[in-house]
file final.cif (mmCIF, C-alpha atoms)
data_data
#
loop_
_atom_site.label_atom_id
_atom_site.label_comp_id
_atom_site.auth_asym_id
_atom_site.auth_seq_id
_atom_site.Cartn_x
_atom_site.Cartn_y
_atom_site.Cartn_z
CA MET A 556 0.00 0.00 0.00
CA ARG A 557 2.83 2.34 0.98
CA LEU A 558 4.62 1.41 -2.26
CA PHE A 559 1.48 2.24 -4.21
CA GLN A 560 1.17 5.59 -2.46
CA GLY A 561 4.80 6.30 -3.26
CA VAL A 562 4.29 5.46 -6.93
CA ALA A 563 1.12 7.54 -7.05
CA ARG A 564 2.93 10.47 -5.45
CA ASN A 565 5.81 10.14 -7.91
CA THR A 566 3.35 10.01 -10.82
CA ASP A 567 1.63 13.12 -9.48
CA MET A 568 4.98 14.87 -9.15
CA MET A 569 5.96 13.91 -12.70
CA GLY A 570 2.59 15.14 -13.95
CA ALA A 571 2.98 18.43 -12.09
CA ALA A 572 6.53 18.82 -13.42
CA ALA A 573 5.31 18.16 -16.98
CA ILE A 574 2.54 20.73 -16.59
CA THR A 575 5.05 23.26 -15.17
CA TRP A 576 7.47 22.59 -18.03
CA GLU A 577 4.70 22.92 -20.64
CA GLY A 578 3.53 26.13 -18.98
CA ARG A 579 7.07 27.55 -18.96
CA VAL A 580 7.64 26.68 -22.63
CA GLY A 581 4.27 28.27 -23.49
CA VAL A 582 5.17 31.46 -21.62
CA GLU A 583 8.60 31.64 -23.24
CA SER A 584 7.13 31.24 -26.70
CA GLU A 585 4.51 33.94 -25.99
CA VAL A 586 7.19 36.30 -24.68
CA ALA A 587 9.35 35.66 -27.76
CA ARG A 588 6.36 36.33 -30.04
CA LEU A 589 5.54 39.52 -28.16
CA ARG A 590 9.11 40.74 -28.55
CA ARG A 591 8.70 40.22 -32.28
CA GLY A 592 5.63 42.44 -32.15
CA ASP A 593 2.84 39.84 -32.12
CA LEU A 594 0.01 41.44 -30.14
CA ASP A 595 -1.90 38.13 -29.85
CA ALA A 596 0.91 37.02 -27.56
CA LEU A 597 0.13 40.00 -25.31
CA SER A 598 -3.47 38.83 -25.03
CA GLY A 599 -2.20 35.34 -24.19
CA LEU A 600 0.06 36.62 -21.44
CA ILE A 601 -2.69 38.82 -19.98
CA ALA A 602 -5.10 35.90 -19.97
CA ARG A 603 -2.49 33.70 -18.31
CA TYR A 604 -1.47 36.11 -15.54
CA GLN A 605 -4.46 38.41 -15.02
CA ASN A 606 -5.85 36.75 -11.90
CA ARG A 607 -2.53 36.08 -10.24
CA LEU A 608 -1.20 39.56 -10.92
CA TYR A 609 -4.36 41.24 -9.70
CA ARG A 610 -4.40 39.08 -6.56
CA TYR A 611 -0.78 39.98 -5.81
CA LEU A 612 -1.43 43.69 -6.30
CA LEU A 613 -4.57 43.54 -4.20
CA ARG A 614 -2.65 41.87 -1.37
CA MET A 615 -0.07 44.64 -1.65
CA VAL A 616 -2.32 47.71 -1.72
CA ARG A 617 -5.58 46.21 -0.31
CA GLN A 618 -7.86 48.60 -2.22
CA PRO A 619 -9.50 47.05 -5.31
CA ALA A 620 -9.59 50.36 -7.22
CA GLU A 621 -5.88 50.94 -6.61
CA ALA A 622 -5.05 47.34 -7.49
CA GLU A 623 -6.97 47.69 -10.77
CA ASP A 624 -5.10 50.87 -11.62
CA LEU A 625 -1.76 49.25 -10.84
CA PHE A 626 -2.81 46.18 -12.85
CA GLN A 627 -3.23 48.38 -15.93
CA GLN A 628 0.01 50.22 -15.26
CA THR A 629 1.88 46.93 -14.97
CA TRP A 630 0.84 45.88 -18.49
CA LEU A 631 1.75 49.32 -19.81
CA ARG A 632 5.16 49.01 -18.17
CA LEU A 633 5.53 45.56 -19.70
CA ALA A 634 4.81 46.99 -23.16
CA GLU A 635 7.55 49.58 -22.57
CA ARG A 636 10.13 47.22 -21.10
CA ILE A 637 9.62 43.89 -22.85
CA ARG A 638 12.66 44.53 -25.05
CA HIS A 639 14.85 44.80 -21.95
CA TYR A 640 13.62 41.48 -20.51
CA ASP A 641 16.46 38.98 -20.17
CA SER A 642 15.11 35.65 -21.40
CA ASN A 643 17.50 33.77 -19.08
CA ARG A 644 15.47 35.04 -16.14
CA SER A 645 12.06 33.79 -15.08
CA PHE A 646 9.41 35.82 -16.90
CA GLU A 647 7.05 35.41 -13.98
CA ALA A 648 9.58 36.86 -11.54
CA TRP A 649 10.26 39.73 -13.95
CA LEU A 650 6.54 40.50 -14.37
CA PHE A 651 5.94 40.45 -10.62
CA THR A 652 8.98 42.68 -10.12
CA LEU A 653 7.43 45.26 -12.46
CA ALA A 654 4.17 45.05 -10.50
CA ARG A 655 5.98 45.23 -7.16
CA ASN A 656 7.97 48.33 -8.12
CA LEU A 657 4.80 50.09 -9.22
CA ALA A 658 2.97 49.05 -6.04
CA ILE A 659 5.83 50.17 -3.79
CA ASP A 660 6.06 53.53 -5.62
CA HIS A 661 2.30 53.90 -5.27
CA LEU A 662 2.35 53.09 -1.54
CA ARG A 663 5.30 55.41 -1.00
CA ARG A 664 3.35 58.20 -2.67
CA ILE A 665 -0.10 57.57 -1.21
CA ARG A 666 0.50 55.86 2.14
CA PRO A 667 4.19 55.94 3.05
CA GLU A 668 3.45 54.75 6.57
CA SER A 669 2.01 51.49 5.21
CA LEU A 670 5.45 50.40 4.04
CA ASP A 671 6.76 49.87 7.54
CA GLU A 672 3.93 49.71 10.01
CA PRO A 673 1.26 47.13 10.66
CA VAL A 674 -2.28 48.36 10.10
CA SER A 675 -4.22 49.16 13.22
CA GLY A 676 -7.94 48.76 13.43
CA ASP A 677 -10.80 46.89 14.95
CA ALA A 678 -9.60 43.34 15.47
CA GLN A 679 -13.04 41.90 14.93
CA GLY A 680 -14.06 44.30 12.16
CA GLU A 681 -14.50 42.99 8.65
CA THR A 682 -11.64 43.95 6.37
CA ALA A 683 -11.51 44.31 2.59
CA ALA A 684 -9.67 40.99 2.30
CA ALA A 685 -12.29 39.28 4.42
CA ARG A 686 -14.98 40.79 2.19
CA LEU A 687 -13.15 39.55 -0.87
CA ALA A 688 -12.81 36.10 0.59
CA SER A 689 -16.49 36.06 1.50
CA ASN A 690 -17.36 36.84 -2.13
CA ALA A 691 -16.40 33.28 -3.07
CA PRO A 692 -19.27 31.17 -4.53
CA PRO A 693 -21.52 29.99 -1.70
CA VAL A 694 -21.27 26.21 -1.37
CA ILE A 695 -23.13 24.79 1.61
CA GLU A 696 -20.50 22.23 2.52
CA GLY A 697 -17.81 24.89 2.25
CA ILE A 698 -19.34 27.45 4.59
CA PHE A 699 -16.96 26.76 7.47
CA GLU A 700 -14.01 26.66 5.11
CA GLN A 701 -15.16 29.96 3.65
CA GLU A 702 -15.45 31.49 7.09
CA ARG A 703 -11.94 30.34 7.98
CA SER A 704 -10.63 31.69 4.67
CA GLY A 705 -12.25 35.02 5.45
CA ARG A 706 -10.58 35.11 8.86
CA LEU A 707 -7.24 34.12 7.42
CA ALA A 708 -7.51 36.72 4.67
CA GLY A 709 -8.51 39.30 7.29
CA ALA A 710 -5.50 38.44 9.46
CA LEU A 711 -3.24 38.52 6.41
CA GLU A 712 -4.44 42.00 5.63
CA THR A 713 -3.35 43.35 9.00
CA LEU A 714 0.29 42.38 8.39
CA PRO A 715 2.81 44.91 7.09
CA VAL A 716 3.18 44.97 3.32
CA VAL A 717 6.60 43.27 3.37
CA TYR A 718 5.10 40.27 5.16
CA ARG A 719 1.91 40.18 3.09
CA GLU A 720 3.84 40.10 -0.13
CA VAL A 721 6.19 37.31 0.88
CA LEU A 722 3.24 35.20 2.04
CA THR A 723 1.24 35.75 -1.12
CA LEU A 724 4.24 35.04 -3.34
CA ARG A 725 5.01 31.81 -1.52
CA PHE A 726 1.56 30.39 -0.84
CA GLU A 727 -0.76 31.91 -3.40
CA GLU A 728 1.64 32.35 -6.33
CA GLU A 729 3.54 29.23 -5.30
CA MET A 730 6.86 30.77 -6.28
CA LYS A 731 10.14 29.14 -5.38
CA LEU A 732 12.28 30.96 -2.84
CA GLU A 733 14.78 31.84 -5.57
CA GLU A 734 12.01 33.45 -7.64
CA ILE A 735 10.75 35.37 -4.60
CA ALA A 736 14.31 36.58 -4.02
CA GLN A 737 14.37 37.85 -7.63
CA VAL A 738 11.06 39.67 -7.22
CA LEU A 739 12.07 41.27 -3.92
CA GLY A 740 15.62 41.92 -5.07
CA ALA A 741 16.81 40.41 -1.77
CA PRO A 742 19.15 37.54 -0.84
CA LEU A 743 17.70 34.09 -0.22
CA SER A 744 18.50 34.24 3.49
CA THR A 745 16.46 37.46 3.80
CA VAL A 746 13.52 35.83 2.02
CA LYS A 747 13.63 32.86 4.41
CA SER A 748 13.81 34.97 7.53
CA ARG A 749 11.08 37.27 6.23
CA LEU A 750 8.88 34.27 5.47
CA ARG A 751 9.41 32.88 8.98
CA ARG A 752 8.66 36.22 10.62
CA SER A 753 5.56 36.74 8.49
CA LEU A 754 4.20 33.32 9.44
CA ASP A 755 4.93 34.01 13.11
CA GLN A 756 3.10 37.33 12.90
CA LEU A 757 0.18 35.78 11.07
CA ARG A 758 -0.19 33.08 13.71
CA ASP A 759 0.05 35.64 16.53
CA CYS A 760 -2.59 37.73 14.83
CA LEU A 761 -4.91 34.74 14.39
CA GLU A 762 -4.45 33.69 18.03
CA MET A 763 -5.14 37.22 19.21
CA ARG A 764 -8.25 37.69 17.05
CA TYR A 765 -9.72 34.23 17.42
CA PRO A 766 -8.45 32.76 20.70
CA GLY A 767 -9.09 29.01 21.00
CA GLU A 768 -10.02 28.69 17.34
CA ASN A 769 -9.32 25.31 15.81
CA TRP A 770 -7.90 25.71 12.31
CA GLN A 771 -8.52 22.10 11.46
CA MET B 952 19.80 26.48 22.19
CA SER B 953 18.64 22.86 22.45
CA GLU B 954 17.87 20.70 19.41
CA HIS B 955 14.18 20.91 20.31
CA ASP B 956 14.24 24.73 20.31
CA GLU B 957 16.16 24.85 17.05
CA ILE B 958 13.65 22.54 15.39
CA ARG B 959 10.73 24.63 16.66
CA GLU B 960 12.23 27.63 14.90
CA LEU B 961 12.21 25.67 11.65
CA LEU B 962 8.65 24.35 11.81
CA SER B 963 6.96 27.29 10.10
CA LEU B 964 9.44 27.12 7.22
CA ALA B 965 8.96 23.35 7.04
CA ALA B 966 5.22 23.90 6.53
CA ALA B 967 6.04 26.50 3.88
CA GLY B 968 8.28 24.03 2.06
CA ALA B 969 11.18 26.44 2.46
CA LEU B 970 13.81 24.24 4.11
CA ASP B 971 16.85 22.79 2.42
CA SER B 972 17.16 19.00 2.36
CA GLY B 973 19.46 18.85 5.42
CA GLU B 974 17.09 20.93 7.55
CA GLU B 975 14.11 18.99 6.32
CA GLU B 976 15.76 15.71 7.33
CA ARG B 977 16.51 17.11 10.80
CA VAL B 978 12.90 18.16 11.26
CA THR B 979 11.56 14.80 10.05
CA ARG B 980 13.88 12.92 12.40
CA HIS B 981 12.96 15.11 15.37
CA ILE B 982 9.20 15.06 14.98
CA ARG B 983 9.21 11.25 14.98
CA SER B 984 10.17 11.38 18.64
CA CYS B 985 8.65 14.73 19.72
CA ALA B 986 4.88 14.90 19.98
CA LEU B 987 4.96 18.63 20.78
CA CYS B 988 6.82 19.56 17.61
CA SER B 989 4.76 17.12 15.57
CA SER B 990 1.57 18.79 16.74
CA ALA B 991 3.03 22.27 16.19
CA LEU B 992 4.01 21.31 12.65
CA ASP B 993 0.43 20.14 12.02
CA ASP B 994 -0.80 23.57 13.15
CA TRP B 995 1.61 25.31 10.83
CA ARG B 996 0.52 23.07 7.97
CA LEU B 997 -3.10 24.07 8.59
CA ILE B 998 -2.21 27.73 8.33
CA ALA B 999 -0.08 27.08 5.23
CA GLY B 1000 -2.90 25.03 3.66
CA GLY B 1001 -5.38 27.80 4.47
CA LEU B 1002 -3.17 30.37 2.79
CA ARG B 1003 -2.84 28.19 -0.31
CA ARG B 1004 -6.63 27.83 -0.50
CA LEU B 1005 -7.52 31.50 -0.15
CA PRO B 1006 -10.01 32.49 -2.84
CA THR B 1007 -8.49 34.27 -5.82
CA PRO B 1008 -10.03 37.71 -6.37
CA GLN B 1009 -10.43 38.46 -10.06
CA PRO B 1010 -10.19 41.76 -11.90
CA SER B 1011 -13.33 42.82 -13.73
CA ARG B 1012 -13.49 42.07 -17.45
CA GLY B 1013 -13.61 45.79 -18.21
CA VAL B 1014 -10.35 46.39 -16.37
CA VAL B 1015 -8.64 43.54 -18.19
CA GLU B 1016 -9.89 44.74 -21.58
CA ARG B 1017 -8.81 48.30 -20.83
CA ALA B 1018 -5.38 47.08 -19.76
CA ARG B 1019 -5.08 45.05 -22.96
CA ALA B 1020 -6.14 47.98 -25.15
CA MET B 1021 -3.82 50.43 -23.38
CA ALA B 1022 -0.88 48.02 -23.53
CA GLU B 1023 -1.47 47.42 -27.25
CA VAL B 1024 -1.50 51.16 -27.92
CA ARG B 1025 1.67 51.64 -25.86
CA PHE B 1026 3.28 48.71 -27.63
CA GLY B 1027 2.52 50.38 -30.98
CA GLU B 1028 3.87 53.70 -29.70
CA GLU B 1029 7.07 52.04 -28.54
CA ALA B 1030 7.52 50.32 -31.92
CA GLU B 1031 6.92 53.63 -33.70
CA HIS B 1032 9.33 55.38 -31.34
CA ARG B 1033 12.04 52.77 -32.07
CA TRP B 1034 11.43 53.10 -35.81
CA ASN B 1035 11.61 56.90 -35.63
CA ARG B 1036 14.82 56.72 -33.62
CA ASN B 1037 16.45 54.35 -36.11
CA VAL B 1038 15.39 56.53 -39.04
CA MET B 1039 16.76 59.62 -37.25
CA ILE B 1040 20.08 57.89 -36.55
CA PHE B 1041 20.33 56.84 -40.20
CA LEU B 1042 19.44 60.33 -41.47
CA VAL B 1043 21.88 62.04 -39.12
CA ALA B 1044 24.70 59.66 -40.11
CA PHE B 1045 23.80 60.07 -43.79
CA ALA B 1046 23.71 63.86 -43.52
CA TRP B 1047 27.06 63.90 -41.72
CA VAL B 1048 28.72 61.73 -44.33
CA LEU B 1049 27.19 63.79 -47.12
CA THR B 1050 28.22 67.08 -45.52
CA LEU B 1051 31.77 66.03 -44.74
CA LEU B 1052 32.31 64.42 -48.11
CA SER B 1053 30.69 67.02 -50.33
CA TRP B 1054 33.11 69.86 -49.77
CA PRO B 1055 36.39 67.97 -50.43
CA VAL B 1056 34.78 66.22 -53.39
CA VAL B 1057 33.65 69.55 -54.90
CA ARG B 1058 37.12 70.95 -54.30
CA LEU B 1059 38.73 67.88 -55.84
CA VAL B 1060 36.53 68.07 -58.91
CA SER B 1061 36.90 71.85 -59.39
CA GLU B 1062 40.59 72.35 -58.56
CA GLY B 1063 42.17 68.90 -58.75
CA LEU B 1064 44.37 67.12 -56.23
CA GLN B 1065 46.58 70.15 -55.62
CA GLY B 1066 43.64 72.24 -54.51
CA LEU B 1067 42.66 69.53 -52.07
CA LEU B 1068 46.18 69.41 -50.57
CA ASP B 1069 46.46 73.21 -50.26
CA PRO B 1070 47.03 73.97 -46.51
CA ARG B 1071 44.72 77.01 -46.71
CA PHE B 1072 41.95 74.69 -47.77
CA ASN B 1073 42.66 72.37 -44.79
CA GLN B 1074 42.25 75.27 -42.33
CA ALA B 1075 39.02 76.35 -43.96
CA TRP B 1076 37.83 72.75 -43.91
CA ILE B 1077 38.54 72.44 -40.15
CA GLY B 1078 36.61 75.67 -39.53
CA PHE B 1079 33.74 74.41 -41.63
CA ALA B 1080 33.73 71.06 -39.82
CA THR B 1081 33.74 72.81 -36.40
CA LEU B 1082 30.84 75.02 -37.37
CA THR B 1083 28.92 72.04 -38.73
CA THR B 1084 29.59 70.07 -35.51
CA LEU B 1085 28.30 72.95 -33.39
CA GLY B 1086 25.23 73.22 -35.60
CA TRP B 1087 24.53 69.52 -35.30
CA LEU B 1088 25.13 69.51 -31.54
CA GLY B 1089 22.66 72.37 -31.15
CA GLY B 1090 20.12 70.44 -33.20
CA GLY B 1091 20.79 67.27 -31.19
CA VAL B 1092 20.28 69.02 -27.83
CA ALA B 1093 17.02 70.51 -29.11
CA ALA B 1094 15.87 67.06 -30.27
CA VAL B 1095 16.70 65.49 -26.89
CA LEU B 1096 14.87 68.24 -25.00
CA LEU B 1097 11.84 67.84 -27.23
CA SER B 1098 11.90 64.08 -26.74
CA VAL B 1099 12.14 64.42 -22.94
CA ARG B 1100 9.24 66.83 -22.96
CA GLN B 1101 7.18 64.50 -25.16
CA ARG B 1102 7.89 61.55 -22.85
CA ARG B 1103 6.87 63.57 -19.79
CA GLU B 1104 3.64 64.64 -21.46
CA ARG B 1105 2.91 61.05 -22.46
CA ARG B 1106 3.53 59.81 -18.92
CA LEU B 1107 1.21 62.47 -17.48
CA ALA B 1108 -1.46 61.60 -20.03
#

call {"tool": "encode", "arguments": {"input": "final.cif", "output": "structure tokens"}}
result
Amino acid sequence: MRLFQGVARNTDMMGAAAITWEGRVGVESEVARLRRGDLDALSGLIARYQNRLYRYLLRMVRQPAEAEDLFQQTWLRLAERIRHYDSNRSFEAWLFTLARNLAIDHLRRIRPESLDEPVSGDAQGETAAARLASNAPPVIEGIFEQERSGRLAGALETLPVVYREVLTLRFEEEMKLEEIAQVLGAPLSTVKSRLRRSLDQLRDCLEMRYPGENWQ
Amino acid sequence: MSEHDEIRELLSLAAAGALDSGEEERVTRHIRSCALCSSALDDWRLIAGGLRRLPTPQPSRGVVERARAMAEVRFGEEAEHRWNRNVMIFLVAFAWVLTLLSWPVVRLVSEGLQGLLDPRFNQAWIGFATLTTLGWLGGGVAAVLLSVRQRRERRLA
């Protein structure tokens, strides 16, 4: 039985690796076409990354209107800079770096304090992230899961931007640590310590807001 | 710091899949014999799993379409800008070559090789070249200033 599970896991891993490889080849070919001036490739890249990019920006700035504006600016910046993209680097990391720089500039301009301080507010109050999470399709058997997601998203939103972004890049975007380091422009050791501190803060926040809550 | 304390520090990263193979092996070995750390790792995995399952907010279709349209326009502008720049570089180089060649050639044709080698002509030619360089530099600075202004206006728009 254990052997079977091992084989199944290996098959899953091979399948996932094949999908990742196919995805990467697809992205590279679309980027190459875009650099040659094929605008269909731009549509393909937007379709591929629209949700992930928007989610990342929303986690960074928390306001949907600002995230939408930054989403548009990111694609404009891509149109301007695509010729400077080094195809030896991960396109995904490069795209998220463009988005990150725009978001950081935006936060520095609009809410400079948000770059270093945690957000204060009513611990039990509903946050924008919690509202977003609660907009998920209502499925009866998923109500408790949805509620927990809302609480987790709410707690995530109270963290400083540097912690929010590392958590979203690792868990939601499922980036490797090396890719996160590229996006943040920081060494791997910094990424690891930032990830650990962000998880510690998230847990502390959850324990403070929902004492005795079982996350199982 | 005891082994137990060191492992506890690593548990959150273990749940995040962010340990190297050596650290991962240490954690696996330790939690086999430590119920406390095993339970703590389960808690971290729940939080990590919850984060991975957070719903994905989606941009509205209008925003995506607007982004696509704006990026396409910008892409066209960038291509046009590159084309204009290349044409300008070609024209400037062509004009320079034409300007610098025309005078000696005219002199050569009208007065022969001796006229071309006349030292008085060389001095006049240097003066002419200096004036032309200054003229071109002035034109170049004006073109750069105009381009900077145009870029700024485009960014503000």

call {"tool": "resolve_selection", "arguments": {"input": "final.cif", "expression": "the PyMOL selection byres ((chain B) within 8 of (chain A))", "output": "ChimeraX atom specification"}}
result
/B:963-964,967,969,994,997-999,1001-1010,1014-1015,1017-1019,1021-1023,1025-1026,1029

call {"tool": "write_last_selection", "arguments": {"input": "final.cif", "atoms": "C-alpha atoms", "output": "short mmCIF file (atom, residue, chain, number, x, y, z; two decimals), in the frame of the given file"}}
result
data_model
loop_
_atom_site.label_atom_id
_atom_site.label_comp_id
_atom_site.auth_asym_id
_atom_site.auth_seq_id
_atom_site.Cartn_x
_atom_site.Cartn_y
_atom_site.Cartn_z
CA SER B 963 6.96 27.29 10.10
CA LEU B 964 9.44 27.12 7.22
CA ALA B 967 6.04 26.50 3.88
CA ALA B 969 11.18 26.44 2.46
CA ASP B 994 -0.80 23.57 13.15
CA LEU B 997 -3.10 24.07 8.59
CA ILE B 998 -2.21 27.73 8.33
CA ALA B 999 -0.08 27.08 5.23
CA GLY B 1001 -5.38 27.80 4.47
CA LEU B 1002 -3.17 30.37 2.79
CA ARG B 1003 -2.84 28.19 -0.31
CA ARG B 1004 -6.63 27.83 -0.50
CA LEU B 1005 -7.52 31.50 -0.15
CA PRO B 1006 -10.01 32.49 -2.84
CA THR B 1007 -8.49 34.27 -5.82
CA PRO B 1008 -10.03 37.71 -6.37
CA GLN B 1009 -10.43 38.46 -10.06
CA PRO B 1010 -10.19 41.76 -11.90
CA VAL B 1014 -10.35 46.39 -16.37
CA VAL B 1015 -8.64 43.54 -18.19
CA ARG B 1017 -8.81 48.30 -20.83
CA ALA B 1018 -5.38 47.08 -19.76
CA ARG B 1019 -5.08 45.05 -22.96
CA MET B 1021 -3.82 50.43 -23.38
CA ALA B 1022 -0.88 48.02 -23.53
CA GLU B 1023 -1.47 47.42 -27.25
CA ARG B 1025 1.67 51.64 -25.86
CA PHE B 1026 3.28 48.71 -27.63
CA GLU B 1029 7.07 52.04 -28.54
#

call {"tool": "atom_distance", "arguments": {"input": "final.cif", "atom1": "atom CA of A:Gly740", "atom2": "atom CA of B:Glu960"}}
result
24.8 Å

call {"tool": "atom_distance", "arguments": {"input": "final.cif", "atom1": "atom CA of A:Ser744", "atom2": "atom CA of B:Cys985"}}
result
27.2 Å

call {"tool": "axis_aligned_box", "arguments": {"input": "final.cif", "around": "stretch 988-998 of chain B", "padding_each_side": "3 Å", "output": "lines of an AutoDock Vina configuration file"}}
result
center_x = 1.9
center_y = 22.4
center_z = 12.8
size_x = 15.9
size_y = 16.6
size_z = 15.6

call {"tool": "atom_distance", "arguments": {"input": "final.cif", "atom1": "atom CA of A:Ser584", "atom2": "atom CA of A:Arg603"}}
result
13.0 Å

call {"tool": "closest_residue", "arguments": {"input": "final.cif", "among": "A:Leu743, A:Cys760, A:Leu612, A:Ala648", "to": "B:Asp971", "atoms": "all atoms listed in the file"}}
result
A:Leu743
